[in-house]
Each structure stands twice: as structure tokens, then as C-alpha cells.
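J.: Got a file for you: upload-v6.txt, compact mmCIF, C-alpha atoms.
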# COMPACT_ATOMS: atom_id res chain seq x y z
CA PRO P 1 98.18 85.97 104.17
CA GLY P 2 100.67 88.71 104.77
CA ASP P 3 100.92 92.38 103.88
CA THR P 4 100.83 94.03 100.46
CA ILE P 5 103.09 96.87 99.34
CA GLN P 6 102.04 98.80 96.25
CA MET P 7 104.79 100.26 94.08
CA GLN P 8 104.00 103.14 91.72
CA GLY P 9 106.16 105.10 89.31
CA SER P 10 109.63 104.66 87.90
CA PHE P 11 112.53 103.34 89.97
CA ASN P 12 115.84 104.28 88.36
CA HIS P 13 118.02 102.29 90.73
CA VAL P 14 118.30 98.60 91.57
CA VAL P 15 115.45 97.60 93.88
CA THR P 16 116.94 95.17 96.41
CA LEU P 17 115.31 93.11 99.15
CA GLN P 18 117.70 91.10 101.28
CA ASN P 19 118.22 88.92 104.33
CA ARG P 20 114.68 88.65 105.62
CA ASN P 21 111.75 86.27 105.94
CA PHE P 22 108.87 88.43 104.75
CA GLY P 23 106.20 86.01 105.98
CA GLY P 24 104.01 86.11 102.87
CA LEU P 25 104.57 89.66 101.64
CA THR P 26 103.10 90.59 98.26
CA ILE P 27 104.66 93.42 96.31
CA ASP P 28 102.14 94.77 93.83
CA ALA P 29 104.38 96.39 91.22
CA SER P 30 101.68 96.62 88.56
CA GLY P 31 102.07 100.41 88.46
CA ALA P 32 105.87 100.42 88.58
CA THR P 33 108.85 100.31 86.23
CA LEU P 34 112.12 99.02 87.70
CA THR P 35 114.58 100.15 85.02
CA ASP P 36 117.76 98.98 86.79
CA GLY P 37 116.34 95.64 87.87
CA LEU P 38 115.21 93.68 90.91
CA VAL P 39 117.42 91.74 93.33
CA LEU P 40 116.04 89.27 95.88
CA ARG P 41 118.96 88.10 98.02
CA GLY P 42 118.56 85.83 101.02
CA VAL P 43 114.80 86.37 101.26
CA GLN P 44 111.92 84.04 101.96
CA ASN P 45 108.15 84.20 101.43
CA VAL P 46 107.80 87.15 99.06
CA ASN P 47 105.72 87.45 95.90
CA VAL P 48 106.22 90.15 93.27
CA VAL P 49 103.23 90.73 91.01
CA GLY P 50 103.18 92.82 87.84
CA GLY P 51 105.37 95.69 86.78
CA THR P 52 107.96 96.22 84.09
CA ILE P 53 111.46 95.09 85.01
CA GLY P 54 114.54 95.93 82.97
CA ASN P 55 115.57 98.56 80.47
CA THR P 56 115.01 98.63 76.72
CA ALA P 57 116.77 101.99 76.24
CA GLY P 58 120.12 101.11 77.83
CA ASN P 59 121.92 98.62 80.00
CA THR P 60 120.79 97.88 83.52
CA ARG P 61 123.33 98.73 86.18
CA ASN P 62 124.27 95.11 86.93
CA TRP P 63 123.56 93.47 83.53
CA TYR P 64 120.39 91.63 84.58
CA ALA P 65 116.73 92.40 84.98
CA VAL P 66 115.93 89.99 87.84
CA GLU P 67 118.41 88.25 90.13
CA ILE P 68 117.32 85.81 92.84
CA ILE P 69 120.10 84.55 95.10
CA ASN P 70 119.94 82.16 98.10
CA SER P 71 116.20 82.69 98.46
CA SER P 72 113.19 80.42 98.90
CA HIS P 73 109.43 80.59 98.46
CA VAL P 74 109.78 83.52 96.06
CA SER P 75 107.67 84.22 92.99
CA VAL P 76 107.63 86.84 90.25
CA ALA P 77 104.33 86.69 88.34
CA HIS P 78 102.61 88.70 85.62
CA ALA P 79 105.65 90.96 85.21
CA ASN P 80 106.89 92.29 81.90
CA VAL P 81 110.59 91.41 82.03
CA VAL P 82 112.15 93.34 79.16
CA GLY P 83 115.78 92.39 79.72
CA ASN P 84 118.93 94.43 79.45
CA ASN P 85 118.86 96.71 76.40
CA ASP P 86 118.10 93.75 74.16
CA ARG P 87 114.39 93.16 74.82
CA VAL P 88 115.21 89.59 75.81
CA GLY P 89 113.80 88.92 79.27
Re-express the file's structure as C-alpha cells.
T.:
Amino acid sequence: PGDTIQMQGSFNHVVTLQNRNFGGLTIDASGATLTDGLVLRGVQNVNVVGGTIGNTAGNTRNWYAVEIINSSHVSVAHANVVGNNDRVG
């Protein structure tokens, strides 16, 4: 249940979702690269599927690839988390 958002291309800034109950939202990031990372802050009921998260060529802006804070019912699945310039997800 819920809507699906498809992400395509390269995102050269931190992608942030915050302070919302998304009610079962799926973010299909299979065609996306999030080079400065993903932040889920104060969110509920969101699933991120696929994509490449992090930066192997330099440091991410905030020194992490994925940060989940004060959130519930969140999943990140089938993503290639490459870390922060060290290839350690």
C-alpha cells in the first residue's frame, strides 16, 4: 500500500526526508546515485529500495552515507551503500 516515487540520476546534495508519516511510501532509487547521502529524520512508514548511496571519490558532506534518526517503520533494501570515501558501507 502507499505511493511510489521513482528517483533517477545523480543527486549531489544530501537527500533528506523529515518530520512526516509517509503512510507506506516506497522510494524506488534503483536508478539513482545519492553521492552526499540519505537522511531520514523523524519519519515513519517509508521504504527505500535500490540505488547507490555514498561517495567513493570523496567525502560525503556530513561524513555518513545513511543516517536514520528518531524514525520508525523505515527500511533501506537492495541499496549499494558505498560509504564515505573508504568503500566501507
J.: Which residues, written as a list of chain:residue names, have at least one atom at most 8 Å from Met7 in chain P, with all atoms listed in the file counted and residues fewer than 4 positions away on the same chain left out?
T.: P:Ile27, P:Asp28, P:Ala29, P:Ser30, P:Gly31, P:Ala32
J.: CA of Asn85 in chain P and CA of Ile5 in chain P, how far apart in Å?
T.: 27.8 Å
J.: Please determine, counting only C-alpha atoms, which residue among P:Val76, P:Gly2, P:Gly83, P:Asn21 has the shortest atom-to-atom distance to Asp36 in chain P.
T.: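 For Asp36 in chain P, the nearest of the candidates is P:Gly83.
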J.: Name the residues in contact with Tyr64 in chain P at a cut-off of 8 Å, using all atoms listed in the file, excluding same-chain residues fewer than 5 positions from it; report them as number ranges by chain.
T.: P: 37, 54, 83-84
J.: Taking every listed atom of range 38-55 of chain P and adding 4 Å to each side, what centre and edge lengths in Å (one decimal) does the axis-aligned box have, as AutoDock Vina command-line options?
T.:
--center_x 111.1 --center_y 91.3 --center_z 91.2 --size_x 23.8 --size_y 22.5 --size_z 29.5
